[in-house]
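**Student:** First, the structure itself, so that you have it in front of you.
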Amino acid sequence: MNHWLFKSEPEEFSIDMLKQVRREPWGGVRNYQARNYMRDGMQPGDLAFFYHSNCAEPGIVGICSIAGAAKADMSQFDPASDYFDPASKPEAPRWLCVDVAYKRKLRRPITLARLQDHAAQLGDFALTRRGNRLSVLPVTQAQWDYILALE
DNA sequence: GCCAACGTTGGC
DNA sequence: GCCAACGTTGGC
């Protein structure tokens with residue numbers, strides 16, 4: 001089983017919204033590396049941190065699971081969507097997404113500042129790499145265990 | 001294939 | 001709002 005981290009701006013889609021709908025296709029990813037993690041790396045049952053970005057206190061706020069194999073992200077075919085991609089054809093979708101399912105909220109968020117305080121113990125962590133902008137990224141088993149122990 | 005220009009991300 | 005860092009685009 002692999003571990004992941006999904007970033008989301010809470011004003012767009014928060015952990016509370018996922019809690020309400022229980023399950024949601026993780027659409028709108030328009031970065032090839034992030035897409036490849038979803039397409040090639042994820043398996044149903046994998047666990048992922050839910051991270052709030054671009055907000056007053058960025059950090060990990062909950063846990064979700066991968067609920068299905070990657071499939072076409074339908075927003076790429078919708079001209080009215082912000083994520084519309086006119087170059088992508090239904091017979092060869094360029095963008096994929098997995099379904100994520102709500103597991104739980106953390107008792108309290110693990111802030112980015114706190115994660116940075118533990119940079120030495122976390123080692124090479126995709127989230128805190130300089131200049132990182134990936135919205136879907138891998139977490140090692142060791143990082144996962146260490147971070148959860150910070151809760 | 002190079003690389004400048006541009007748009008986006010996301011912390012601060 | 002600022003701006004560093006990055007990915008993508010497109011001219012050449």
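Residues in the structure tokens are numbered from 1 in each chain, the chains being A, B, ... in the order shown, and ligands are numbered from 1 in the order shown.
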Please tabulate, as a Markdown table, the residues of chain B that come within 9 Å of range 2-12 of chain C, each with its closest pair of atoms and the distance in Å to one decimal, counting only C-alpha atoms (C1' of nucleotides) and ordering rows by chain, then residue number upward.

**Tutor:**
| residue | atom | partner | partner_atom | distance |
| --- | --- | --- | --- | --- |
| B:DC2 | C1' | C:DC12 | C1' | 9.0 |
| B:DA5 | C1' | C:DT9 | C1' | 8.8 |
| B:DC6 | C1' | C:DT9 | C1' | 8.2 |
| B:DG7 | C1' | C:DT8 | C1' | 8.6 |
| B:DT8 | C1' | C:DG7 | C1' | 8.6 |
| B:DT9 | C1' | C:DC6 | C1' | 8.4 |
| B:DC12 | C1' | C:DC2 | C1' | 8.8 |

**Student:** How about saving the chosen residues, N, CA, C and O atoms (P, O5', C5', C4', C3', O3' and C1' of nucleotides) kept, as a PDB file, in the first residue's frame?

**Tutor:**
ATOM      1  P    DC B   2      18.512  21.454 -26.143  1.00  0.00           P
ATOM      2  O5'  DC B   2      18.362  23.035 -26.224  1.00  0.00           O
ATOM      3  C5'  DC B   2      19.043  23.735 -27.272  1.00  0.00           C
ATOM      4  C4'  DC B   2      18.572  25.163 -27.288  1.00  0.00           C
ATOM      5  C3'  DC B   2      18.460  25.805 -25.909  1.00  0.00           C
ATOM      6  O3'  DC B   2      19.107  27.058 -25.954  1.00  0.00           O
ATOM      7  C1'  DC B   2      16.422  26.054 -27.098  1.00  0.00           C
ATOM      8  P    DA B   5      11.775  37.886 -22.765  1.00  0.00           P
ATOM      9  O5'  DA B   5      10.266  37.390 -22.723  1.00  0.00           O
ATOM     10  C5'  DA B   5       9.617  37.072 -23.943  1.00  0.00           C
ATOM     11  C4'  DA B   5       8.239  36.532 -23.630  1.00  0.00           C
ATOM     12  C3'  DA B   5       7.521  37.276 -22.503  1.00  0.00           C
ATOM     13  O3'  DA B   5       6.197  37.535 -22.915  1.00  0.00           O
ATOM     14  C1'  DA B   5       7.626  34.955 -22.001  1.00  0.00           C
ATOM     15  P    DC B   6       5.227  38.467 -22.027  1.00  0.00           P
ATOM     16  O5'  DC B   6       4.269  37.389 -21.371  1.00  0.00           O
ATOM     17  C5'  DC B   6       3.697  36.391 -22.212  1.00  0.00           C
ATOM     18  C4'  DC B   6       3.165  35.272 -21.351  1.00  0.00           C
ATOM     19  C3'  DC B   6       2.373  35.752 -20.138  1.00  0.00           C
ATOM     20  O3'  DC B   6       1.022  35.372 -20.296  1.00  0.00           O
ATOM     21  C1'  DC B   6       3.828  33.941 -19.599  1.00  0.00           C
ATOM     22  P    DG B   7      -0.100  35.890 -19.283  1.00  0.00           P
ATOM     23  O5'  DG B   7      -0.406  34.572 -18.466  1.00  0.00           O
ATOM     24  C5'  DG B   7      -0.675  33.363 -19.166  1.00  0.00           C
ATOM     25  C4'  DG B   7      -0.815  32.247 -18.157  1.00  0.00           C
ATOM     26  C3'  DG B   7      -1.651  32.619 -16.940  1.00  0.00           C
ATOM     27  O3'  DG B   7      -2.495  31.513 -16.617  1.00  0.00           O
ATOM     28  C1'  DG B   7       0.512  31.963 -16.245  1.00  0.00           C
ATOM     29  P    DT B   8      -3.432  31.560 -15.323  1.00  0.00           P
ATOM     30  O5'  DT B   8      -2.637  30.653 -14.288  1.00  0.00           O
ATOM     31  C5'  DT B   8      -2.219  29.360 -14.690  1.00  0.00           C
ATOM     32  C4'  DT B   8      -1.521  28.689 -13.528  1.00  0.00           C
ATOM     33  C3'  DT B   8      -2.275  28.794 -12.199  1.00  0.00           C
ATOM     34  O3'  DT B   8      -2.297  27.502 -11.631  1.00  0.00           O
ATOM     35  C1'  DT B   8      -0.045  29.556 -11.945  1.00  0.00           C
ATOM     36  P    DT B   9      -3.159  27.218 -10.327  1.00  0.00           P
ATOM     37  O5'  DT B   9      -2.041  26.942  -9.233  1.00  0.00           O
ATOM     38  C5'  DT B   9      -0.985  26.036  -9.529  1.00  0.00           C
ATOM     39  C4'  DT B   9       0.029  26.152  -8.427  1.00  0.00           C
ATOM     40  C3'  DT B   9      -0.548  26.128  -7.016  1.00  0.00           C
ATOM     41  O3'  DT B   9       0.135  25.117  -6.320  1.00  0.00           O
ATOM     42  C1'  DT B   9       0.916  27.973  -7.281  1.00  0.00           C
ATOM     43  P    DC B  12       5.533  29.679   5.163  1.00  0.00           P
ATOM     44  O5'  DC B  12       5.403  31.255   5.248  1.00  0.00           O
ATOM     45  C5'  DC B  12       6.395  32.043   4.585  1.00  0.00           C
ATOM     46  C4'  DC B  12       5.883  33.440   4.443  1.00  0.00           C
ATOM     47  C3'  DC B  12       5.242  34.002   5.702  1.00  0.00           C
ATOM     48  O3'  DC B  12       6.237  34.702   6.459  1.00  0.00           O
ATOM     49  C1'  DC B  12       4.140  34.701   3.687  1.00  0.00           C
TER      50       DC B  12
END

**Student:** Pick out the residues sitting within 9 Å of Phe125 in chain A, and hand them over as a PDB file with all heavy atoms, in the first residue's frame; count only C-alpha atoms (C1' of nucleotides), and ignore anything fewer than 6 positions along from it in its own chain.

**Tutor:**
ATOM      1  N   ALA A 119      11.579  18.875   9.706  1.00  0.00           N
ATOM      2  CA  ALA A 119      12.144  18.605   8.379  1.00  0.00           C
ATOM      3  C   ALA A 119      13.257  17.560   8.442  1.00  0.00           C
ATOM      4  O   ALA A 119      13.332  16.670   7.585  1.00  0.00           O
ATOM      5  CB  ALA A 119      12.669  19.898   7.764  1.00  0.00           C
ATOM      6  N   PRO A 138       3.556  11.933  -3.282  1.00  0.00           N
ATOM      7  CA  PRO A 138       3.738  10.712  -2.490  1.00  0.00           C
ATOM      8  C   PRO A 138       4.283  11.000  -1.093  1.00  0.00           C
ATOM      9  O   PRO A 138       5.006  11.967  -0.877  1.00  0.00           O
ATOM     10  CB  PRO A 138       4.760   9.922  -3.309  1.00  0.00           C
ATOM     11  CG  PRO A 138       5.559  10.963  -4.029  1.00  0.00           C
ATOM     12  CD  PRO A 138       4.619  12.113  -4.283  1.00  0.00           C
ATOM     13  N   VAL A 139       3.911  10.140  -0.163  1.00  0.00           N
ATOM     14  CA  VAL A 139       4.402  10.181   1.213  1.00  0.00           C
ATOM     15  C   VAL A 139       4.946   8.793   1.504  1.00  0.00           C
ATOM     16  O   VAL A 139       4.260   7.789   1.233  1.00  0.00           O
ATOM     17  CB  VAL A 139       3.245  10.509   2.178  1.00  0.00           C
ATOM     18  CG1 VAL A 139       3.717  10.492   3.620  1.00  0.00           C
ATOM     19  CG2 VAL A 139       2.612  11.861   1.841  1.00  0.00           C
ATOM     20  N   THR A 140       6.131   8.691   2.023  1.00  0.00           N
ATOM     21  CA  THR A 140       6.666   7.353   2.334  1.00  0.00           C
ATOM     22  C   THR A 140       5.997   6.802   3.589  1.00  0.00           C
ATOM     23  O   THR A 140       5.436   7.558   4.391  1.00  0.00           O
ATOM     24  CB  THR A 140       8.186   7.390   2.566  1.00  0.00           C
ATOM     25  OG1 THR A 140       8.445   8.126   3.772  1.00  0.00           O
ATOM     26  CG2 THR A 140       8.922   8.043   1.397  1.00  0.00           C
ATOM     27  N   GLN A 143       7.433   8.495   6.572  1.00  0.00           N
ATOM     28  CA  GLN A 143       6.910   9.855   6.754  1.00  0.00           C
ATOM     29  C   GLN A 143       5.479   9.813   7.273  1.00  0.00           C
ATOM     30  O   GLN A 143       5.102  10.581   8.155  1.00  0.00           O
ATOM     31  CB  GLN A 143       6.978  10.626   5.427  1.00  0.00           C
ATOM     32  CG  GLN A 143       8.398  11.011   5.044  1.00  0.00           C
ATOM     33  CD  GLN A 143       8.535  11.371   3.568  1.00  0.00           C
ATOM     34  OE1 GLN A 143       7.642  11.104   2.765  1.00  0.00           O
ATOM     35  NE2 GLN A 143       9.655  11.969   3.208  1.00  0.00           N
TER      36      GLN A 143
END

**Student:** Taking only C-alpha atoms (C1' of nucleotides) into account, name the residue in A:Ser135, A:Gln43, A:Asn2, A:Gln20 that is nearest to chain B.

**Tutor:**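 Closest to chain B of all the choices is A:Ser135.
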
**Student:** Any idea what the distance is between CA of Leu137 in chain A and CA of Tyr37 in chain A?

**Tutor:**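 That distance, rounded to one decimal, is 7.2 Å.
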
**Student:** Please determine the contact residues of chain A with respect to chain B at a cut-off of 7 Å, counting only C-alpha atoms (C1' of nucleotides), and supply them as a PyMOL selection string.

**Tutor:** chain A and resi 53-54+133

**Student:** For the selection just defined, write its residues with N, CA and C atoms to a file, as a PDB file, in the first residue's frame.

**Tutor:**
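Heads up, here's the output in again04.pdb:
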ATOM      1  N   SER A  53      -4.352  24.115   1.485  1.00  0.00           N
ATOM      2  CA  SER A  53      -3.333  25.053   0.993  1.00  0.00           C
ATOM      3  C   SER A  53      -3.955  26.421   0.761  1.00  0.00           C
ATOM      4  N   ASN A  54      -3.071  27.403   0.624  1.00  0.00           N
ATOM      5  CA  ASN A  54      -3.519  28.747   0.255  1.00  0.00           C
ATOM      6  C   ASN A  54      -4.552  29.286   1.239  1.00  0.00           C
ATOM      7  N   ARG A 133       5.152  22.529  -6.053  1.00  0.00           N
ATOM      8  CA  ARG A 133       3.809  23.000  -6.351  1.00  0.00           C
ATOM      9  C   ARG A 133       2.881  21.854  -6.714  1.00  0.00           C
TER      10      ARG A 133
END

**Student:** So that I can see what lies close to Phe49 in chain A, please list as an NGL selection string the residues with an atom at most 9 Å from it, counting only C-alpha atoms (C1' of nucleotides) and leaving out residues fewer than 6 positions away in the same chain.

**Tutor:** :A and (3-7 or 60-65 or 139 or 144)

**Student:** For the residues in the current selection, export C-alpha atoms as a PDB file, in the first residue's frame.

**Tutor:**
ATOM      1  CA  HIS A   3       0.584   6.767   0.856  1.00  0.00           C
ATOM      2  CA  TRP A   4      -0.211  10.136  -0.634  1.00  0.00           C
ATOM      3  CA  LEU A   5      -1.056  13.728   0.056  1.00  0.00           C
ATOM      4  CA  PHE A   6      -3.766  15.731  -1.691  1.00  0.00           C
ATOM      5  CA  LYS A   7      -3.735  19.503  -1.563  1.00  0.00           C
ATOM      6  CA  ILE A  60      -2.779  18.455   7.067  1.00  0.00           C
ATOM      7  CA  VAL A  61      -6.343  18.338   8.325  1.00  0.00           C
ATOM      8  CA  GLY A  62      -7.576  14.829   7.660  1.00  0.00           C
ATOM      9  CA  ILE A  63      -7.212  11.415   6.121  1.00  0.00           C
ATOM     10  CA  CYS A  64      -8.921   9.951   3.097  1.00  0.00           C
ATOM     11  CA  SER A  65      -8.572   6.780   1.077  1.00  0.00           C
ATOM     12  CA  VAL A 139       4.402  10.181   1.213  1.00  0.00           C
ATOM     13  CA  TRP A 144       3.308   8.771   7.138  1.00  0.00           C
TER      14      TRP A 144
END

**Student:** One decimal, in Å: what's the spacing between CA of Pro44 in chain A and CA of Ser81 in chain A?

**Tutor:**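 Straight-line distance from CA of Pro44 in chain A to CA of Ser81 in chain A works out to 27.3 Å.
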
**Student:** Could you pull out the residues in range 40-138 of chain A that DSSP calls helix (DSSP H, G or I) from the backbone, as number ranges by chain?

**Tutor:** A: 40-41, 74-77, 112-117, 119-122, 126-128

**Student:** Would you compute the distance between CA of Pro90 in chain A and CA of Met42 in chain A? Give it in Å to one decimal.

**Tutor:**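 Between CA of Pro90 in chain A and CA of Met42 in chain A the gap is 22.4 Å.
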
**Student:** Got a sec: who's within 9 Å of Arg30 in chain A, counting only C-alpha atoms (C1' of nucleotides), leaving out chain neighbours fewer than 5 positions off, as a VMD selection string?

**Tutor:** chain A and resid 35 83 95 to 96

**Student:** Using DSSP on the backbone coordinates, identify the residues of range 6-101 of chain A assigned to strand (DSSP E); present them as a PyMOL selection string.

**Tutor:** chain A and resi 6-8+23-25+47-52+59-66+71-72+96-97+99-101

**Student:** Excluding Ser75 in chain A and its own-chain neighbours fewer than 3 positions away, which residues fall within 9 Å of it when counting only C-alpha atoms (C1' of nucleotides)? Please give them as JSON, numbers by chain.

**Tutor:** {"A": [27, 28, 72, 78, 79, 80, 81, 82, 83, 84, 85]}

**Student:** Could those selected residues go to a file with C-alpha atoms, as a JSON list (two decimals), in the first residue's frame?

**Tutor:**
[["chain", "number", "residue", "atom", "x", "y", "z"],
["A", 27, "GLY", "CA", -10.87, 16.33, -10.60],
["A", 28, "GLY", "CA", -9.09, 19.37, -11.91],
["A", 72, "ALA", "CA", -11.23, 10.19, -17.10],
["A", 78, "ASP", "CA", -16.88, 20.58, -20.42],
["A", 79, "PRO", "CA", -16.43, 23.92, -22.20],
["A", 80, "ALA", "CA", -18.07, 25.66, -19.25],
["A", 81, "SER", "CA", -15.54, 24.28, -16.77],
["A", 82, "ASP", "CA", -12.44, 26.10, -15.58],
["A", 83, "TYR", "CA", -10.66, 22.82, -16.26],
["A", 84, "PHE", "CA", -11.81, 22.46, -19.86],
["A", 85, "ASP", "CA", -9.04, 21.22, -22.14]]
